[in-house]
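Q: My structure is in start.txt, and what it holds is compact mmCIF, C-alpha atoms:
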```txt
# COMPACT_ATOMS: atom_id res chain seq x y z
CA MET A 1 10.86 -14.03 -0.98
CA ARG A 2 8.10 -14.73 1.53
CA PHE A 3 5.40 -12.22 2.37
CA CYS A 4 3.31 -12.58 5.54
CA TYR A 5 -0.38 -11.78 5.65
CA ASN A 6 -2.23 -11.78 8.94
CA GLU A 7 -5.57 -11.45 10.75
CA TRP A 8 -8.71 -12.24 8.85
CA ALA A 9 -11.75 -11.28 10.90
CA ASP A 10 -14.17 -13.62 9.19
CA GLU A 11 -14.09 -17.05 10.85
CA CYS A 12 -14.37 -18.77 7.49
CA ARG A 13 -11.03 -17.34 6.39
CA PRO A 14 -7.50 -18.37 7.37
CA MET A 15 -5.84 -16.36 10.11
CA ALA A 16 -2.42 -16.25 8.46
CA LEU A 17 -1.33 -16.39 4.83
CA TYR A 18 2.07 -16.59 3.25
CA ARG A 19 2.49 -15.71 -0.38
CA LEU A 20 5.34 -17.35 -2.21
CA MET A 21 6.54 -14.93 -4.86
CA PRO A 22 8.82 -16.63 -7.40
CA ARG A 23 10.19 -14.93 -10.47
CA GLY A 24 7.73 -13.39 -12.83
CA TRP A 25 4.16 -12.27 -12.22
CA HIS A 26 2.68 -15.35 -10.58
CA ALA A 27 2.04 -16.04 -6.92
CA ARG A 28 1.13 -19.05 -4.83
CA TRP A 29 -0.47 -18.94 -1.44
CA ARG A 30 0.35 -20.97 1.64
CA VAL A 31 -1.88 -21.27 4.69
CA CYS A 32 0.22 -22.00 7.77
CA CYS A 33 -1.01 -23.79 10.88
CA ALA A 34 0.89 -25.66 13.59
CA GLY A 35 3.79 -26.44 11.26
CA ARG A 36 1.55 -28.06 8.62
CA PRO A 37 1.44 -25.59 5.71
CA ARG A 38 -0.65 -26.25 2.63
CA ILE A 39 -0.15 -24.73 -0.79
CA TYR A 40 -3.00 -23.12 -2.71
CA GLY A 41 -2.80 -22.00 -6.32
CA THR A 42 -4.98 -18.90 -5.90
CA LEU A 43 -5.94 -16.42 -3.20
CA ARG A 44 -9.57 -17.49 -3.54
CA PHE A 45 -8.82 -21.07 -2.48
CA ALA A 46 -6.51 -19.88 0.30
CA LEU A 47 -9.19 -17.61 1.75
CA ASN A 48 -11.58 -20.57 1.88
CA ALA A 49 -9.10 -23.00 3.42
CA PRO A 50 -10.57 -25.60 5.78
CA ARG A 51 -10.73 -24.79 9.50
CA SER A 52 -7.90 -27.24 10.24
CA ASP A 53 -5.56 -25.07 8.12
CA ARG A 54 -5.96 -21.95 10.27
CA MET A 55 -3.68 -20.70 13.02
CA PRO A 56 -4.37 -18.41 16.02
CA ASN A 57 -4.20 -14.69 15.40
CA GLN A 58 -0.82 -13.07 16.04
CA PRO A 59 0.11 -9.38 15.68
CA LEU A 60 2.26 -8.51 12.72
CA PRO A 61 5.85 -7.67 13.74
CA ILE A 62 5.89 -4.32 11.93
CA LEU A 63 8.89 -2.10 12.66
CA PRO A 64 8.60 1.69 12.19
CA LEU A 65 10.47 3.20 9.27
CA LEU A 66 12.84 6.00 10.26
CA ARG A 67 13.38 9.08 8.14
CA ASP A 68 16.92 7.97 7.39
CA ASP A 69 15.48 4.76 5.89
CA LEU A 70 13.63 6.70 3.18
CA PRO A 71 15.24 7.44 -0.21
CA LEU A 72 15.58 11.17 -0.83
CA ASP A 73 13.87 11.14 -4.22
CA ALA A 74 10.19 10.92 -5.14
CA VAL A 75 10.53 8.18 -7.75
CA ALA A 76 12.86 6.09 -5.61
CA LEU A 77 10.57 6.54 -2.59
CA ALA A 78 7.50 5.44 -4.55
CA ARG A 79 9.30 2.22 -5.53
CA PHE A 80 10.64 1.75 -2.01
CA MET A 81 7.22 2.00 -0.35
CA VAL A 82 5.72 -0.90 -2.31
CA GLY A 83 5.76 -3.82 0.11
CA LYS A 84 5.96 -1.60 3.19
CA TYR A 85 3.14 -1.19 5.72
CA LEU A 86 0.70 1.56 6.63
CA VAL A 87 -0.47 1.41 10.26
CA HIS A 88 -3.14 3.37 12.14
CA ASP A 89 -3.18 2.76 15.89
CA LEU A 90 -6.56 3.69 17.34
CA PRO A 91 -8.05 3.40 20.86
CA GLU A 92 -10.29 0.63 19.57
CA GLY A 93 -7.46 -1.30 17.93
CA ARG A 94 -4.87 -1.37 15.17
CA ILE A 95 -5.53 -1.09 11.46
CA SER A 96 -2.73 -2.06 9.11
CA GLY A 97 -2.18 -2.99 5.51
CA ARG A 98 0.58 -3.81 3.09
CA ILE A 99 1.18 -1.06 0.54
CA VAL A 100 0.75 -2.57 -2.92
CA GLU A 101 0.51 0.52 -5.14
CA THR A 102 2.03 4.01 -5.21
CA GLU A 103 2.51 6.88 -7.63
CA ALA A 104 5.39 9.35 -7.81
CA TYR A 105 4.96 13.10 -8.35
CA PRO A 106 8.58 14.28 -8.66
CA VAL A 107 10.00 17.80 -8.71
CA GLY A 108 8.76 19.73 -11.75
CA ASP A 109 5.80 17.41 -12.45
CA SER A 110 2.98 19.67 -13.64
CA THR A 111 0.36 17.27 -12.26
CA GLY A 112 1.79 17.41 -8.72
CA HIS A 113 0.25 19.67 -6.07
CA ALA A 114 3.71 21.08 -5.31
CA PHE A 115 4.19 22.36 -8.89
CA PRO A 116 2.86 25.93 -8.27
CA GLY A 117 5.32 26.36 -5.39
CA ARG A 118 4.70 26.47 -1.67
CA ARG A 119 1.20 27.61 -0.73
CA ALA A 120 -0.90 27.45 2.43
CA TYR A 121 -2.69 24.30 1.22
CA ASN A 122 0.37 22.29 0.05
CA GLY A 123 2.99 23.16 2.67
CA SER A 124 3.23 19.56 3.89
CA LEU A 125 4.78 18.54 0.55
CA PHE A 126 7.72 20.83 1.35
CA LEU A 127 8.48 19.17 4.69
CA ALA A 128 11.21 16.59 5.24
CA PRO A 129 10.47 13.15 3.71
CA GLY A 130 7.89 11.03 5.50
CA HIS A 131 5.24 13.64 6.34
CA ALA A 132 1.61 13.16 5.36
CA TYR A 133 -0.01 15.45 2.84
CA VAL A 134 -3.79 14.95 2.87
CA ARG A 135 -5.93 16.67 0.28
CA LEU A 136 -9.65 16.50 -0.54
CA THR A 137 -9.95 15.71 -4.25
CA TYR A 138 -12.98 16.61 -6.39
CA GLY A 139 -14.81 17.42 -3.17
CA LEU A 140 -15.36 13.70 -2.59
CA SER A 141 -12.34 11.77 -1.31
CA TYR A 142 -9.26 12.43 0.77
CA MET A 143 -5.94 11.30 -0.68
CA LEU A 144 -2.95 10.29 1.45
CA ASN A 145 0.35 11.51 0.03
CA MET A 146 3.80 11.62 1.57
CA SER A 147 6.54 14.25 1.20
CA ALA A 148 9.48 12.84 -0.73
CA GLU A 149 12.36 15.30 -1.09
CA ALA A 150 14.64 17.40 1.08
CA GLU A 151 12.95 20.02 3.24
CA GLU A 152 11.72 23.04 1.24
CA VAL A 153 11.77 20.98 -2.00
CA GLY A 154 8.23 20.18 -3.08
CA ALA A 155 7.46 16.65 -4.28
CA GLY A 156 5.53 13.64 -3.05
CA ILE A 157 4.14 10.20 -3.58
CA LEU A 158 0.55 9.02 -3.47
CA LEU A 159 -0.37 5.85 -1.57
CA ARG A 160 -2.91 4.33 -3.93
CA ALA A 161 -3.80 0.95 -2.41
CA ILE A 162 -3.11 -1.40 0.48
CA GLU A 163 -3.86 -5.03 1.17
CA PRO A 164 -5.89 -5.03 4.43
CA LEU A 165 -4.24 -7.12 7.13
CA GLU A 166 -5.13 -6.03 10.67
CA GLY A 167 -8.28 -4.38 11.99
CA LEU A 168 -10.63 -5.72 9.33
CA PRO A 169 -13.75 -5.19 11.49
CA LEU A 170 -12.80 -1.51 11.88
CA MET A 171 -12.35 -1.11 8.13
CA GLU A 172 -15.56 -2.94 7.35
CA ALA A 173 -17.45 -0.72 9.79
CA ARG A 174 -16.35 2.30 7.72
CA ARG A 175 -17.10 0.57 4.41
CA PRO A 176 -19.96 -1.84 5.14
CA GLY A 177 -20.90 -4.43 2.55
CA VAL A 178 -17.69 -3.94 0.55
CA PRO A 179 -15.71 -7.04 -0.51
CA LEU A 180 -12.30 -7.55 1.09
CA ARG A 181 -10.56 -6.88 -2.22
CA ASP A 182 -12.17 -3.44 -2.53
CA LEU A 183 -11.84 -2.21 1.07
CA ALA A 184 -8.73 -0.12 0.32
CA ARG A 185 -8.16 -0.65 -3.42
CA GLY A 186 -7.80 2.93 -4.59
CA PRO A 187 -6.66 6.12 -2.81
CA GLY A 188 -10.11 7.34 -1.76
CA ARG A 189 -11.15 3.94 -0.49
CA LEU A 190 -7.86 3.63 1.39
CA THR A 191 -8.34 6.81 3.42
CA MET A 192 -11.95 5.96 4.19
CA ALA A 193 -11.12 2.43 5.37
CA ILE A 194 -8.13 3.54 7.47
CA GLY A 195 -9.93 6.58 8.90
CA ILE A 196 -7.85 9.44 7.47
CA GLY A 197 -9.14 12.98 7.00
CA GLN A 198 -7.85 16.52 6.68
CA SER A 199 -6.67 16.61 10.30
CA PHE A 200 -3.84 14.21 9.36
CA ASP A 201 -2.23 16.70 7.00
CA GLY A 202 1.34 17.39 8.12
CA ARG A 203 1.59 14.36 10.44
CA ASP A 204 5.02 12.79 10.77
CA LEU A 205 4.67 9.18 9.56
CA CYS A 206 8.06 8.14 10.94
CA THR A 207 7.18 8.21 14.65
CA GLY A 208 5.76 4.69 15.09
CA ARG A 209 2.70 6.24 16.78
CA GLY A 210 -0.79 7.06 15.56
CA LEU A 211 -0.59 6.94 11.77
CA TRP A 212 2.79 5.58 10.69
CA ILE A 213 4.70 3.57 8.11
CA GLY A 214 6.72 0.43 8.77
CA MET A 215 8.29 -2.69 7.35
CA ILE A 216 8.65 -6.42 8.01
CA GLU A 217 10.47 -8.03 5.13
CA LYS A 218 13.98 -7.08 4.09
CA GLY A 219 15.40 -7.46 0.64
CA ASP A 220 14.21 -6.60 -2.87
CA GLY A 221 11.24 -8.33 -4.46
CA PRO A 222 9.82 -7.73 -7.94
CA ILE A 223 7.99 -4.44 -8.43
CA GLY A 224 5.85 -3.55 -11.41
CA VAL A 225 5.90 -0.15 -13.07
CA THR A 226 3.27 1.31 -15.37
CA THR A 227 1.68 4.64 -16.27
CA ARG A 228 -0.30 6.75 -13.84
CA ILE A 229 -4.09 6.89 -13.99
CA GLY A 230 -6.77 9.46 -13.24
CA LEU A 231 -4.80 12.37 -14.76
CA SER A 232 -5.56 14.71 -17.64
CA ARG A 233 -1.91 15.18 -18.69
CA GLU A 234 1.50 13.53 -18.39
CA MET A 235 -0.28 10.16 -18.25
CA HIS A 236 2.46 8.56 -20.37
CA ARG A 237 5.09 8.69 -17.64
CA PRO A 238 5.89 5.32 -15.97
CA LEU A 239 5.53 6.58 -12.41
CA ARG A 240 3.02 4.14 -10.92
CA PHE A 241 4.54 1.27 -8.96
CA PHE A 242 2.75 -1.86 -7.78
CA GLU A 243 3.17 -5.35 -6.45
CA PRO A 244 2.89 -7.81 -9.37
CA GLY A 245 0.15 -10.37 -8.94
CA SER A 246 -1.65 -8.54 -6.14
CA ALA A 247 -5.45 -8.57 -6.36
CA PHE A 248 -5.55 -5.35 -4.33
CA VAL A 249 -3.97 -3.03 -6.93
CA SER A 250 -6.40 -0.48 -8.36
CA GLY A 251 -7.16 0.47 -11.94
CA PRO A 252 -7.63 -1.52 -15.14
CA ARG A 253 -6.00 -4.95 -15.05
CA LYS A 254 -4.61 -4.59 -18.58
CA LEU A 255 -2.34 -1.73 -17.48
CA LEU A 256 -0.64 -4.08 -15.01
CA LEU A 257 0.45 -6.57 -17.66
CA PRO A 258 2.95 -6.41 -20.54
CA PRO A 259 3.29 -4.49 -22.79
CA HIS A 260 1.75 -1.74 -20.62
CA ALA A 261 3.81 -2.65 -17.53
CA ILE A 262 7.20 -4.13 -16.78
CA ALA A 263 8.59 -5.87 -13.71
CA LEU A 264 11.69 -4.39 -12.11
CA THR A 265 14.20 -6.73 -10.50
CA GLY A 266 16.00 -6.01 -7.25
CA ALA A 267 19.01 -4.72 -9.19
CA GLN A 268 16.86 -2.30 -11.21
CA ILE A 269 15.05 -1.04 -8.14
```
Could you express the structure from this file as structure tokens?

A:
Amino acid sequence: MRFCYNEWADECRPMALYRLMPRGWHARWRVCCAGRPRIYGTLRFALNAPRSDRMPNQPLPILPLLRDDLPLDAVALARFMVGKYLVHDLPEGRISGRIVETEAYPVGDSTGHAFPGRRAYNGSLFLAPGHAYVRLTYGLSYMLNMSAEAEEVGAGILLRAIEPLEGLPLMEARRPGVPLRDLARGPGRLTMAIGIGQSFDGRDLCTGRGLWIGMIEKGDGPIGVTTRIGLSREMHRPLRFFEPGSAFVSGPRKLLLPPHAIALTGAQI
């Protein structure tokens, strides 16, 4: 399967990347320009491709996800959202990124914010699937979650990390001096880079306007599954899903490799 990566603001980086994802956990990178692609073994070499390997900037053809496209189950939705896109359309331009890491907080999960039942602060988790639930955690960082079950059933998924694609100058202005890899690698960094705060709680992410979710590629690629992180209980449950081989996934690297993690095939997904 081929994954498209677009718009690098820095002139010393390629304007379009294609990652070739064969079986297993490895990836190769192709820089495309004027029909003369070149293959690079690592992202580092691709990002430093010669000027002749670059192509003009083109907007990503992201299509909005409709509510009917979303699986009606927190675990299935967390898997489904890996490889999809998070978009924030602003007056000054578009910010977008490919979702590379999620966590599921299904019905009955004692670590989920919906576990105590519907309250004033967590009502967005009881909306129809595809609504944003934004919560300030530890008084420091906002977290972007999404409702995941039928209306009035409380459950959600956490968007943990994206690979920045469009609007890099806007992200870098919010997180100055931060390397590309760390701009949105982690849930708190993600909301800061994208520009998400408490006012986004309850927003419908299936409208294709403002803050929304979308897709480009169709078909099933490999998805990794491992245990959740940053919790004080139920950490053993394999409810964190990620894109194998991505440098933009958060957390310890060892948890993304066997025996701590496994790769799901399209049939298993």

Q: Interatomic distance between atom CA of Pro238 of chain A and atom CA of Arg203 of chain A?

A: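 Value for the atom CA of Pro238 of chain A-atom CA of Arg203 of chain A distance: 28.2 Å.
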
Q: Which residue is closest to Val153 of chain A? Choose from A:Leu190, A:Leu180, A:Val107, A:Leu136 and count all atoms listed in the file.

A: A:Val107

Q: Go through segment 178-253 of chain A residue by residue and, counting only C-alpha atoms, keep those with an atom at most 12 Å from segment 61-75 of chain A; for each kept residue give the shortest atom pair and its distance in Å to one decimal, ordered by chain and increasing number, as a Markdown table.

A:
```
| residue | atom | partner | partner_atom | distance |
| --- | --- | --- | --- | --- |
| A:Asp204 | CA | A:Arg67 | CA | 9.5 |
| A:Leu205 | CA | A:Leu65 | CA | 8.3 |
| A:Cys206 | CA | A:Leu66 | CA | 5.3 |
| A:Thr207 | CA | A:Pro64 | CA | 7.1 |
| A:Gly208 | CA | A:Pro64 | CA | 5.0 |
| A:Arg209 | CA | A:Pro64 | CA | 8.8 |
| A:Gly210 | CA | A:Pro64 | CA | 11.3 |
| A:Leu211 | CA | A:Pro64 | CA | 10.6 |
| A:Trp212 | CA | A:Pro64 | CA | 7.2 |
| A:Ile213 | CA | A:Leu65 | CA | 5.9 |
| A:Gly214 | CA | A:Pro64 | CA | 4.1 |
| A:Met215 | CA | A:Leu63 | CA | 5.4 |
| A:Ile216 | CA | A:Ile62 | CA | 5.2 |
| A:Glu217 | CA | A:Ile62 | CA | 9.0 |
| A:Lys218 | CA | A:Leu63 | CA | 11.1 |
| A:Val225 | CA | A:Val75 | CA | 10.9 |
| A:Arg237 | CA | A:Val75 | CA | 11.3 |
| A:Pro238 | CA | A:Val75 | CA | 9.9 |
| A:Leu239 | CA | A:Val75 | CA | 7.0 |
| A:Arg240 | CA | A:Val75 | CA | 9.1 |
| A:Phe241 | CA | A:Val75 | CA | 9.2 |
```

Q: Between atom CA of Gly224 of chain A and atom CA of Pro187 of chain A, what is the distance, to one decimal in Å?

A: 18.0 Å

Q: Quick one: of A:Glu149, A:Glu166, A:Glu92, A:Glu101, who's nearest to Ala76 of chain A, counting all atoms listed in the file?

A: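 Closest residue, counting all atoms listed in the file: A:Glu149.
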
Q: Pick from A:Gln58, A:Ser250, A:Thr227, A:Ser96: nearest to Arg181 of chain A, with only C-alpha atoms counted?

A: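 Looking at the shortest contact to Arg181 of chain A, the residue is A:Ser250.
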
Q: Using only C-alpha atoms, find all polymer residues with an atom at most 8 Å away from the point (-7.7, 13.2, 1.9); report them as a count of residues only.

A: 13

Q: Provide the atom CA of Gly186 of chain A to atom CA of Ala161 of chain A distance in Å, to one decimal place.

A: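 Spanning atom CA of Gly186 of chain A to atom CA of Ala161 of chain A is a straight-line distance of 5.0 Å.
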
Q: Using all atoms listed in the file for the distances, tell me which of A:Ala120, A:Leu77, A:Leu140, A:Leu183 is nearest to Gly97 of chain A.

A: A:Leu183

Q: Taking into account only C-alpha atoms, which residue in the set A:Gly130, A:Gly156, A:Pro179, A:Gly167 is nearest to Pro91 of chain A?

A: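 Once distances to Pro91 of chain A are computed over only C-alpha atoms, the minimum belongs to A:Gly167.
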
Q: Find the spatial neighbours of Ile95 of chain A, counting all atoms listed in the file, within a cut-off of 10 Å - ignore same-chain residues fewer than 3 positions away - and output them as a ChimeraX atom specification.

A: /A:86-90,92,164-171,193-195,211

Q: Which residue gives the smallest distance to Leu158 of chain A among A:Pro176, A:Gly245, A:Gly123, A:Pro106, with all atoms listed in the file counted?

A: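 Using all atoms listed in the file, Leu158 of chain A sits closest to A:Pro106.
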
Q: Quick one: residues within 12 Å of Arg118 of chain A, only C-alpha atoms counted, chain neighbours fewer than 6 positions away excluded, as a PyMOL selection string?

A: chain A and resi 112+124-127+151-155
